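Here is start00.csv, consisting of CSV, C-alpha atoms:
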chain,number,residue,atom,x,y,z
I,18,MET,CA,51.8,89.2,84.1
I,19,PRO,CA,49.9,88.7,80.9
I,20,GLU,CA,49.7,85.1,79.9
I,21,LEU,CA,51.0,86.0,76.5
I,22,LEU,CA,54.3,87.0,78.0
I,23,ARG,CA,54.7,83.7,79.7
I,24,THR,CA,54.5,81.9,76.4
I,25,PRO,CA,58.0,80.8,75.5
I,26,PRO,CA,58.0,81.6,71.8
I,27,LEU,CA,57.7,85.4,72.4
I,28,ILE,CA,60.5,85.5,74.9
I,29,ALA,CA,62.9,82.7,73.9
I,30,THR,CA,63.4,83.6,70.3
I,31,PRO,CA,63.8,87.2,69.3
I,32,LEU,CA,61.9,88.5,66.4
I,33,VAL,CA,63.9,88.7,63.2
I,34,THR,CA,62.3,91.6,61.5
I,35,HIS,CA,63.3,94.9,59.9
I,36,VAL,CA,60.5,97.2,60.9
I,37,VAL,CA,57.6,95.4,62.6
I,38,GLY,CA,58.3,94.7,66.2
I,39,SER,CA,60.9,97.3,66.8
I,40,ARG,CA,59.4,97.1,70.3
I,41,VAL,CA,56.6,94.9,71.6
I,42,ILE,CA,54.5,96.1,74.5
I,43,VAL,CA,52.1,93.6,76.1
I,44,TYR,CA,49.2,94.8,78.3
I,45,GLU,CA,46.9,92.7,80.4
I,46,THR,CA,44.0,95.0,79.8
I,47,ILE,CA,43.7,98.0,77.5
I,48,THR,CA,40.9,100.1,76.0
I,49,SER,CA,42.0,99.5,72.4
I,50,THR,CA,45.3,98.4,71.0
I,51,ASN,CA,44.7,100.7,68.0
I,52,ASP,CA,44.2,103.8,70.3
I,53,ARG,CA,47.3,103.1,72.2
I,54,ALA,CA,49.4,102.5,69.1
I,55,LEU,CA,48.0,105.7,67.5
I,56,ARG,CA,49.0,107.7,70.6
I,57,LEU,CA,52.3,106.0,71.2
I,58,GLY,CA,53.7,105.6,67.7
I,59,GLY,CA,57.2,104.5,67.1
I,60,ASP,CA,57.8,102.9,63.7
I,61,GLY,CA,57.1,99.2,64.0
I,62,THR,CA,55.9,99.4,67.6
I,63,VAL,CA,53.6,96.5,68.5
I,64,ILE,CA,50.9,96.8,71.1
I,65,VAL,CA,49.4,93.5,72.3
I,66,ALA,CA,46.6,93.0,74.8
I,67,GLU,CA,45.1,90.1,76.6
I,68,MET,CA,41.9,92.0,76.7
I,69,GLN,CA,40.4,95.1,75.2
I,70,THR,CA,37.7,96.9,77.0
I,71,ALA,CA,36.8,99.0,74.0
I,72,GLY,CA,38.1,97.0,71.1
I,73,ARG,CA,36.5,98.1,67.8
I,74,GLY,CA,36.0,97.3,64.2
I,75,ARG,CA,35.1,99.7,61.4
I,76,HIS,CA,33.4,102.9,62.3
I,77,GLY,CA,33.2,102.2,66.0
I,78,ARG,CA,31.6,98.7,65.8
I,79,ALA,CA,32.5,96.7,68.9
I,80,TRP,CA,35.1,93.9,68.5
I,81,HIS,CA,34.4,91.0,70.8
I,82,SER,CA,37.7,90.3,72.6
I,83,LYS,CA,37.5,87.6,75.3
I,84,PRO,CA,40.6,87.4,77.5
I,85,GLY,CA,43.0,84.5,76.9
I,86,MET,CA,41.1,83.3,73.8
I,87,GLY,CA,42.3,85.6,71.0
I,88,LEU,CA,45.2,87.5,69.8
I,89,TYR,CA,44.6,91.3,69.7
I,90,PHE,CA,47.4,93.6,68.6
I,91,SER,CA,48.2,96.7,66.6
I,92,VAL,CA,51.3,97.8,64.8
I,93,ALA,CA,52.2,101.5,64.5
I,94,PHE,CA,54.0,103.0,61.5
I,95,ASP,CA,55.4,106.5,61.8
I,96,ARG,CA,55.5,107.1,58.1
I,97,PRO,CA,52.5,106.8,55.9
I,98,THR,CA,52.5,103.2,54.8
I,99,GLU,CA,50.2,102.3,51.9
I,100,GLY,CA,48.8,98.9,51.3
I,101,LEU,CA,48.5,97.8,55.0
I,102,ALA,CA,44.9,96.8,54.4
I,103,PHE,CA,46.2,94.3,51.9
I,104,ALA,CA,49.3,93.2,53.8
I,105,ALA,CA,47.6,92.4,57.1
I,106,PRO,CA,45.2,89.7,55.9
I,107,LEU,CA,47.9,88.2,53.8
I,108,ALA,CA,50.2,88.0,56.8
I,109,VAL,CA,47.6,86.2,58.8
I,110,HIS,CA,46.7,83.9,55.9
I,111,ASP,CA,50.4,82.9,55.4
I,112,ALA,CA,51.1,82.6,59.1
I,113,LEU,CA,48.4,80.0,59.3
I,114,ALA,CA,49.2,78.2,56.1
I,115,SER,CA,50.8,75.2,57.8
I,116,VAL,CA,47.7,74.8,60.0
I,117,VAL,CA,44.7,75.5,57.9
I,118,ASP,CA,43.8,76.9,54.5
I,119,THR,CA,42.2,80.3,55.2
I,120,LYS,CA,40.4,82.5,52.7
I,121,ILE,CA,40.6,86.3,52.5
I,122,LYS,CA,37.2,87.8,52.2
I,123,TRP,CA,37.4,91.1,50.4
I,124,PRO,CA,38.6,93.4,51.6
I,125,ASN,CA,40.4,92.1,54.6
I,126,ASP,CA,38.6,89.5,56.8
I,127,VAL,CA,40.2,86.1,57.1
I,128,LEU,CA,37.8,83.1,57.1
I,129,ILE,CA,37.9,79.4,57.7
I,130,ASP,CA,35.0,77.5,56.1
I,131,GLY,CA,33.1,80.8,55.5
I,132,LYS,CA,33.3,82.0,59.1
I,133,LYS,CA,35.4,84.9,60.3
I,134,ILE,CA,38.5,84.3,62.4
I,135,CYS,CA,40.3,87.5,61.9
I,136,GLY,CA,39.4,91.2,61.4
I,137,VAL,CA,41.6,94.1,60.4
I,138,LEU,CA,41.2,97.8,61.0
I,139,VAL,CA,43.6,100.3,59.6
I,140,GLU,CA,43.5,103.9,61.0
I,141,ALA,CA,45.5,106.9,59.9
I,142,ARG,CA,46.1,110.0,61.9
I,143,GLN,CA,48.5,112.8,61.1
I,144,GLY,CA,51.0,110.8,59.1
I,145,ARG,CA,50.9,107.8,61.5
I,146,THR,CA,49.2,104.6,60.4
I,147,VAL,CA,48.1,101.8,62.6
I,148,VAL,CA,47.0,98.4,61.6
I,149,GLY,CA,44.9,96.5,64.2
I,150,ILE,CA,44.5,92.8,63.9
I,151,GLY,CA,42.2,90.6,66.0
I,152,ILE,CA,42.4,86.8,65.6
I,153,ASN,CA,40.0,84.3,67.3
I,154,VAL,CA,42.4,81.5,68.4
I,155,HIS,CA,41.0,79.3,71.2
I,156,HIS,CA,37.3,80.4,71.4
I,157,ARG,CA,34.8,77.6,71.6
I,158,VAL,CA,31.5,78.1,69.8
I,159,GLU,CA,29.8,79.0,73.1
I,160,ASP,CA,32.3,81.8,73.7
I,161,PHE,CA,30.8,83.8,71.0
I,162,PRO,CA,27.6,85.8,71.5
I,163,ASP,CA,24.5,84.2,69.9
I,164,ASP,CA,24.3,86.6,67.1
I,165,LEU,CA,27.9,86.0,66.0
I,166,ARG,CA,27.9,82.2,66.1
I,167,ALA,CA,26.8,81.7,62.5
I,168,ARG,CA,29.4,84.1,61.2
I,169,ALA,CA,32.4,83.8,63.5
I,170,THR,CA,34.6,80.9,64.6
I,171,SER,CA,38.1,80.4,66.0
I,172,ILE,CA,41.1,78.5,64.7
I,173,GLU,CA,40.7,75.9,67.4
I,174,ALA,CA,36.9,75.6,67.0
I,175,ALA,CA,37.3,75.2,63.2
I,176,THR,CA,40.3,72.9,63.1
I,177,GLY,CA,40.7,71.2,66.5
I,178,VAL,CA,44.3,72.4,66.5
I,179,HIS,CA,45.6,74.2,69.6
I,180,ILE,CA,48.2,76.7,68.5
I,181,ASP,CA,50.3,78.9,70.8
I,182,ARG,CA,49.2,82.5,70.6
I,183,GLY,CA,52.8,83.8,71.2
I,184,GLU,CA,54.0,81.7,68.3
I,185,LEU,CA,51.2,82.8,66.1
I,186,LEU,CA,52.0,86.4,67.0
I,187,ARG,CA,55.6,85.9,66.0
I,188,ASP,CA,54.6,84.4,62.7
I,189,VAL,CA,52.1,87.1,61.8
I,190,LEU,CA,54.6,89.9,62.7
I,191,THR,CA,57.3,88.2,60.6
I,192,GLN,CA,55.0,87.9,57.7
I,193,LEU,CA,53.7,91.4,58.0
I,194,ASP,CA,57.3,92.7,58.2
I,195,GLU,CA,58.1,91.0,55.0
I,196,ARG,CA,55.2,92.8,53.2
I,197,VAL,CA,56.0,96.2,54.8
I,198,VAL,CA,59.6,95.9,53.7
I,199,ALA,CA,58.4,95.0,50.2
I,200,ILE,CA,56.0,98.0,50.2
I,201,ARG,CA,58.7,100.4,51.4
I,202,ASP,CA,61.1,99.0,48.7
I,203,GLY,CA,58.5,100.1,46.1
I,204,ASN,CA,57.0,96.6,45.5
I,205,ILE,CA,53.5,97.4,46.6
I,206,GLU,CA,52.2,96.0,43.4
I,207,GLN,CA,53.5,92.6,44.3
I,208,VAL,CA,51.7,92.7,47.7
I,209,PHE,CA,48.5,94.1,46.0
I,210,ASN,CA,48.5,91.3,43.4
I,211,GLU,CA,49.0,88.6,46.0
I,212,TRP,CA,46.2,90.0,48.0
I,213,ALA,CA,43.9,90.4,45.0
I,214,GLU,CA,44.5,86.8,44.0
I,215,SER,CA,43.9,85.5,47.5
I,216,CYS,CA,40.5,87.3,47.6
I,217,GLY,CA,39.4,84.8,44.8
I,218,VAL,CA,36.6,87.1,43.9
I,219,VAL,CA,37.2,87.9,40.2
I,220,GLY,CA,34.6,86.2,38.0
I,221,ARG,CA,32.2,85.6,40.9
I,222,ARG,CA,28.7,86.9,41.2
I,223,LEU,CA,28.0,88.9,44.3
I,224,ARG,CA,25.6,91.2,45.9
I,225,CYS,CA,26.5,94.4,47.9
I,226,ALA,CA,24.4,97.3,49.2
I,227,SER,CA,24.5,99.2,45.9
I,228,CYS,CA,24.4,96.5,43.2
I,229,GLU,CA,24.5,92.9,42.2
I,230,GLY,CA,26.7,91.4,39.4
I,231,THR,CA,29.9,89.7,38.4
I,232,VAL,CA,33.3,91.0,39.6
I,233,GLN,CA,35.3,92.0,36.5
I,234,PHE,CA,38.5,92.9,38.3
I,235,ILE,CA,39.9,94.6,41.4
I,236,ALA,CA,41.0,98.2,40.7
I,237,ALA,CA,44.4,99.5,41.7
I,238,ASP,CA,42.9,101.1,44.8
I,239,GLY,CA,41.4,97.8,45.9
I,240,ALA,CA,37.8,98.6,44.8
I,241,LEU,CA,35.7,95.8,43.2
I,242,VAL,CA,34.6,96.6,39.7
I,243,ILE,CA,31.3,94.8,39.2
I,244,GLN,CA,29.4,94.3,35.9
I,245,SER,CA,25.8,94.9,37.0
I,246,ALA,CA,22.6,95.3,34.9
I,247,ASP,CA,23.3,99.1,35.0
I,248,GLY,CA,26.8,98.9,33.8
I,249,LEU,CA,30.2,98.8,35.6
I,250,LYS,CA,30.1,99.8,39.2
I,251,ARG,CA,32.9,100.4,41.7
I,252,VAL,CA,32.5,99.1,45.2
I,253,MET,CA,34.8,100.4,47.8
I,254,LEU,CA,33.3,99.1,51.0
I,255,GLY,CA,30.5,97.4,52.7
I,256,GLU,CA,29.4,93.8,53.2
I,257,ILE,CA,29.5,91.6,50.1
I,258,VAL,CA,27.6,88.4,49.7
I,259,GLU,CA,28.8,85.8,47.2
I,260,LEU,CA,26.0,84.3,45.1
I,261,GLU,CA,25.9,80.9,43.4
I,262,GLY,CA,27.3,80.5,40.0
I,263,ARG,CA,29.6,82.7,37.9
O,15,MET,CA,40.0,99.4,17.4
O,16,ASP,CA,36.3,99.8,16.7
O,17,LEU,CA,34.0,102.2,18.5
O,18,GLU,CA,32.4,99.4,20.7
O,19,LYS,CA,35.8,98.4,21.9
O,20,LEU,CA,36.8,101.9,22.7
O,21,ARG,CA,33.6,102.4,24.7
O,22,GLU,CA,34.4,99.3,26.6
O,23,LEU,CA,37.9,100.5,27.3
O,24,ILE,CA,36.7,103.9,28.5
O,25,GLY,CA,34.2,102.1,30.8
O,26,ILE,CA,37.0,100.0,32.3
O,27,PHE,CA,39.3,103.0,32.6
O,28,GLU,CA,36.7,105.1,34.4
O,29,THR,CA,36.2,102.4,37.0
O,30,SER,CA,39.8,101.3,37.3
O,31,GLY,CA,41.3,104.0,39.6
O,32,LEU,CA,44.2,104.2,37.1
O,33,ALA,CA,45.6,107.6,36.1
O,34,GLU,CA,46.6,106.5,32.6
O,35,ILE,CA,46.2,103.6,30.3
O,36,GLU,CA,47.7,103.0,26.9
O,37,ILE,CA,46.9,100.2,24.6
O,38,GLU,CA,48.5,99.4,21.3
O,39,GLU,CA,46.7,97.1,18.9
O,40,GLU,CA,47.4,96.4,15.2
O,41,GLY,CA,49.6,99.5,15.0
O,42,ARG,CA,47.0,101.9,16.4
O,43,ARG,CA,47.5,103.3,19.8
O,44,VAL,CA,44.9,104.6,22.3
O,45,ARG,CA,45.9,106.5,25.4
O,46,LEU,CA,43.5,107.6,28.1
O,47,THR,CA,44.6,109.9,30.9
O,48,ARG,CA,42.8,111.7,33.7
O,49,SER,CA,42.8,115.4,33.9
O,50,ALA,CA,42.8,115.4,37.7
O,51,PRO,CA,45.3,113.4,39.6
O,52,GLN,CA,43.8,110.1,40.9
O,53,PRO,CA,45.1,108.5,44.1
O,54,VAL,CA,46.0,104.9,43.4
O,55,HIS,CA,46.3,104.1,47.1
O,56,ALA,CA,45.3,106.0,50.2
O,57,PRO,CA,47.1,109.2,50.1
O,58,GLN,CA,48.5,111.2,53.0
O,59,LEU,CA,46.0,113.2,55.0
O,60,ILE,CA,45.6,116.6,53.7
O,61,ALA,CA,43.4,119.6,54.3
O,62,HIS,CA,43.7,121.3,51.0
O,63,ILE,CA,43.8,125.0,50.7
O,64,PRO,CA,43.1,126.1,47.1
O,65,SER,CA,45.7,128.6,46.0
O,66,GLY,CA,44.8,132.1,45.0
O,67,ALA,CA,42.2,134.5,46.1
O,68,PRO,CA,39.3,133.7,48.4
O,69,ILE,CA,36.9,131.3,46.8
O,70,ALA,CA,33.2,130.7,46.5
O,71,MET,CA,31.7,128.0,48.5
O,72,PRO,CA,30.1,125.5,46.3
O,73,ALA,CA,26.5,124.3,46.8
O,74,PRO,CA,26.3,121.0,48.7
O,75,MET,CA,26.5,118.0,46.4
O,76,ALA,CA,23.4,116.5,47.8
O,77,GLN,CA,21.3,119.4,46.4
O,78,PRO,CA,22.0,119.8,42.8
O,79,VAL,CA,20.5,122.9,41.4
O,80,SER,CA,19.1,123.0,38.0
O,81,ALA,CA,20.7,125.8,36.0
O,82,ALA,CA,17.5,126.4,34.1
O,83,ALA,CA,15.4,126.8,37.2
O,84,GLN,CA,17.6,129.4,38.9
O,85,PRO,CA,18.7,132.7,37.5
O,86,VAL,CA,22.4,133.1,37.3
O,87,GLN,CA,22.7,135.8,40.0
O,88,GLU,CA,21.0,133.5,42.5
O,89,ALA,CA,23.1,130.4,41.7
O,90,GLU,CA,25.9,131.5,44.0
O,91,PRO,CA,24.1,132.8,47.1
O,92,ASP,CA,26.7,131.5,49.5
O,93,VAL,CA,29.7,133.4,48.3
O,94,ASP,CA,31.6,134.6,51.3
O,95,GLU,CA,35.0,136.1,51.0
O,96,GLY,CA,37.6,134.4,53.1
O,97,LEU,CA,36.1,131.0,53.1
O,98,VAL,CA,38.4,128.0,52.5
O,99,ILE,CA,37.3,124.5,51.6
O,100,ILE,CA,38.6,121.4,53.3
O,101,GLU,CA,38.5,118.7,50.6
O,102,SER,CA,38.4,114.9,50.9
O,103,PRO,CA,41.9,113.4,50.5
O,104,MET,CA,40.4,110.2,49.0
O,105,VAL,CA,37.5,108.4,47.6
O,106,GLY,CA,35.5,106.8,50.4
O,107,VAL,CA,32.7,107.3,52.9
O,108,PHE,CA,32.5,110.5,55.0
O,109,TYR,CA,31.9,110.1,58.7
O,110,ALA,CA,31.1,113.2,60.8
O,111,GLN,CA,31.6,111.3,64.1
O,112,PRO,CA,33.9,108.6,65.5
O,113,ALA,CA,31.1,106.1,65.9
O,114,PRO,CA,27.3,106.1,65.3
O,115,GLY,CA,25.6,107.8,68.2
O,116,ASP,CA,28.7,109.8,69.1
O,117,PRO,CA,28.7,113.6,68.8
O,118,PRO,CA,30.3,114.9,65.6
O,119,PHE,CA,34.0,115.8,65.6
O,120,VAL,CA,33.0,119.3,64.6
O,121,LYS,CA,29.9,121.4,64.0
O,122,PRO,CA,29.3,124.8,62.4
O,123,GLY,CA,30.6,127.6,64.7
O,124,ASP,CA,33.3,125.4,66.3
O,125,THR,CA,36.8,126.7,66.2
O,126,VAL,CA,39.3,123.9,65.5
O,127,GLU,CA,43.0,123.9,66.2
O,128,VAL,CA,45.8,122.9,63.9
O,129,ASN,CA,45.9,119.1,63.5
O,130,GLN,CA,42.5,118.6,65.1
O,131,THR,CA,40.4,115.8,63.5
O,132,VAL,CA,37.4,117.1,61.6
O,133,CYS,CA,36.1,113.9,60.1
O,134,ILE,CA,36.9,110.4,59.0
O,135,VAL,CA,36.9,109.2,55.4
O,136,GLU,CA,36.8,105.4,55.1
O,137,ALA,CA,38.0,103.3,52.2
O,138,MET,CA,38.8,99.6,52.3
O,139,LYS,CA,38.3,99.6,56.0
O,140,LEU,CA,41.0,102.2,56.3
O,141,MET,CA,39.7,104.9,58.6
O,142,ASN,CA,41.5,108.1,57.5
O,143,GLU,CA,41.2,110.9,60.0
O,144,VAL,CA,41.2,114.2,58.2
O,145,ALA,CA,42.7,117.0,60.2
O,146,ALA,CA,42.7,120.8,59.9
O,147,LYS,CA,46.0,122.1,58.7
O,148,PHE,CA,45.4,125.5,60.2
O,149,LYS,CA,43.3,127.0,62.9
O,150,CYS,CA,39.8,127.8,61.6
O,151,THR,CA,36.2,128.1,62.3
O,152,ILE,CA,33.8,125.6,60.8
O,153,VAL,CA,31.2,127.5,58.7
O,154,ASN,CA,29.4,124.7,57.0
O,155,VAL,CA,29.5,120.9,56.8
O,156,LEU,CA,28.9,120.1,53.2
O,157,VAL,CA,28.4,116.4,53.3
O,158,GLU,CA,26.0,114.2,55.3
O,159,SER,CA,27.6,111.5,57.5
O,160,GLY,CA,27.6,108.2,55.8
O,161,GLU,CA,27.6,109.6,52.3
O,162,PRO,CA,30.2,108.5,49.7
O,163,VAL,CA,32.6,111.2,48.7
O,164,GLU,CA,35.0,111.7,45.8
O,165,TYR,CA,38.6,112.6,45.7
O,166,ASN,CA,38.9,116.4,46.4
O,167,GLN,CA,35.2,116.7,47.1
O,168,PRO,CA,34.5,119.7,49.4
O,169,LEU,CA,33.7,118.5,52.9
O,170,PHE,CA,33.8,121.7,55.0
O,171,ALA,CA,33.7,125.4,54.4
O,172,VAL,CA,35.9,127.0,57.0
O,173,LYS,CA,37.2,130.5,57.9
O,174,PRO,CA,40.8,130.6,58.8
O,175,VAL,CA,41.5,132.2,62.2
O,176,GLU,CA,44.5,134.4,62.4
Final structure tokens representation of the file:
Amino acid sequence: MPELLRTPPLIATPLVTHVVGSRVIVYETITSTNDRALRLGGDGTVIVAEMQTAGRGRHGRAWHSKPGMGLYFSVAFDRPTEGLAFAAPLAVHDALASVVDTKIKWPNDVLIDGKKICGVLVEARQGRTVVGIGINVHHRVEDFPDDLRARATSIEAATGVHIDRGELLRDVLTQLDERVVAIRDGNIEQVFNEWAESCGVVGRRLRCASCEGTVQFIAADGALVIQSADGLKRVMLGEIVELEGR
Amino acid sequence: MDLEKLRELIGIFETSGLAEIEIEEEGRRVRLTRSAPQPVHAPQLIAHIPSGAPIAMPAPMAQPVSAAAQPVQEAEPDVDEGLVIIESPMVGVFYAQPAPGDPPFVKPGDTVEVNQTVCIVEAMKLMNEVAAKFKCTIVNVLVESGEPVEYNQPLFAVKPVE
């Protein structure tokens, strides 16, 4: 039985949500929670896995998922649900608020002290949208491959606090549900604004693949609008590096 | 509102992703709207079939042709009746394959079924699979994998299969 299922919070207290968690399926090992969620569907279905053999980030990048250390799950939505890329990092940020102050790195990584603890990947296929969330919970520094150590950490490694993964899952799902309900009620703007503010990037100087400059604002579709030497530029994706000064 | 301010406003509007903006200042009102609909958030997946008669296949975006350098009659060499364009449903980056090193979803000559994935367009780490809405044969892939694409930019020229 997956260890996650043995954790009391997931079993003892039912989820009080409207959409997210209509059913929760826990696997010991799975190729990728996003793949399973995309295939299975069911509005609000949650797929959780102790280990992913082919977990992935954007465009097929491998996601390092060590068994028992992290929380890897995906939520399926049967209707097109906009704004999940904003809602997911906010849900993680708020679920952890009582433990540690996290920062959302545009667009949707969650960091502690500048190191990544959570990644989000949203995939859409034929009217079904799936949001995959991976959180590093108990990893020690040595649990990460060498090339990741400077950029990644876990909640426990960064804070010394041991939190229960089942409890964290409940909290993130509850927070995510709140946002999804708000979005479906037509309040996507509220979720967007909350996310944009949490990114804390407006007014900062940064560098990305295509330009360097100061962020003027975040456009309605989530793109950064940067004042560079060649005028205003829109940045939709890619790595950004914050530079000193404003 | 002076000209400088207006220029600034247009610059902001162009990059904002907004469909319309209206500003009133000292009794003067300026309204900017886009002629083409602009998706504010990721829209549903679509494979767009332009209405009307068979259409010409546009030249790939990567190879702009100077009008002066080419006689008019040679500017549309790829016209082929019965071709339909699958357009990008959103602004993003076009990926021809699921992951680097993988074979592409489709290549010219392939026949794809209804709802078969033909590519991914990524924006904001949202990987949007674009699916064929009808059975068709891929005639041409109009964008290189990894290239940024605009809303409604032609991605594939296809021939519907009856």
**Q.** Distance-based interface of chain I with chain O, 8 Å, counting only C-alpha atoms, as a VMD selection string
**A.** chain I and resid 75 to 78 97 99 to 100 102 124 to 125 137 to 144 235 to 240 242 249 to 251 253 to 254
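Those DNA, RNA and protein residues that approach the point (54.2, 97.1, 65.0) to within 6 Å, considering all atoms listed in the file, are Val37, Gly38, Gly61, Thr62, Val63, Val92 and Ala93 of chain I.
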Based on the selection just made, write C-alpha atoms of those residues as an mmCIF file, in the frame of the given file.
data_model
loop_
_atom_site.group_PDB
_atom_site.id
_atom_site.type_symbol
_atom_site.label_atom_id
_atom_site.label_comp_id
_atom_site.auth_asym_id
_atom_site.auth_seq_id
_atom_site.Cartn_x
_atom_site.Cartn_y
_atom_site.Cartn_z
ATOM 1 C CA VAL I 37 57.600 95.400 62.600
ATOM 2 C CA GLY I 38 58.300 94.700 66.200
ATOM 3 C CA GLY I 61 57.100 99.200 64.000
ATOM 4 C CA THR I 62 55.900 99.400 67.600
ATOM 5 C CA VAL I 63 53.600 96.500 68.500
ATOM 6 C CA VAL I 92 51.300 97.800 64.800
ATOM 7 C CA ALA I 93 52.200 101.500 64.500
#
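Distance check against O:Cys133 using only C-alpha atoms: of O:Cys150, O:Leu23, O:Leu169, O:Val98, the minimum falls on O:Leu169.
Between atom CA of O:Thr125 and atom CA of O:Val175 lies a distance of 8.3 Å.
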(Q) Between atom CA of I:Gln244 and atom CA of O:Phe108, what distance in Å does the model show, to one decimal? (A) 25.2 Å
Q: Write out as a VMD selection string the residues lying within 8 Å of I:Ala226, counting all atoms listed in the file and excluding same-chain residues fewer than 5 positions away.
A: chain I and resid 255 to 257
Q.
Just want the 10 Å neighbourhood of I:Val117, counted on all atoms listed in the file, with same-chain residues fewer than 4 positions away dropped. Output as a list in words.
A.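 Residues meeting the cut-off are His110, Asp111, Ala112, Leu113, Ile129, Ile172, Ala175, Thr176 and Val178 of chain I.
Taking atom CA of I:Asp163 and atom CA of I:Lys133 as the two end points, the separation is 14.5 Å.
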Q) Of the residues O:Glu95, O:Gln167, O:Ala110, O:Glu127, which is the one nearest to O:Val155, using only C-alpha atoms? A) O:Ala110
**Q.** Near-I:Ile152 list (7 Å; all atoms listed in the file; drop same-chain fewer than 5 positions) as a VMD selection string
**A.** chain I and resid 87 to 89 134 to 136
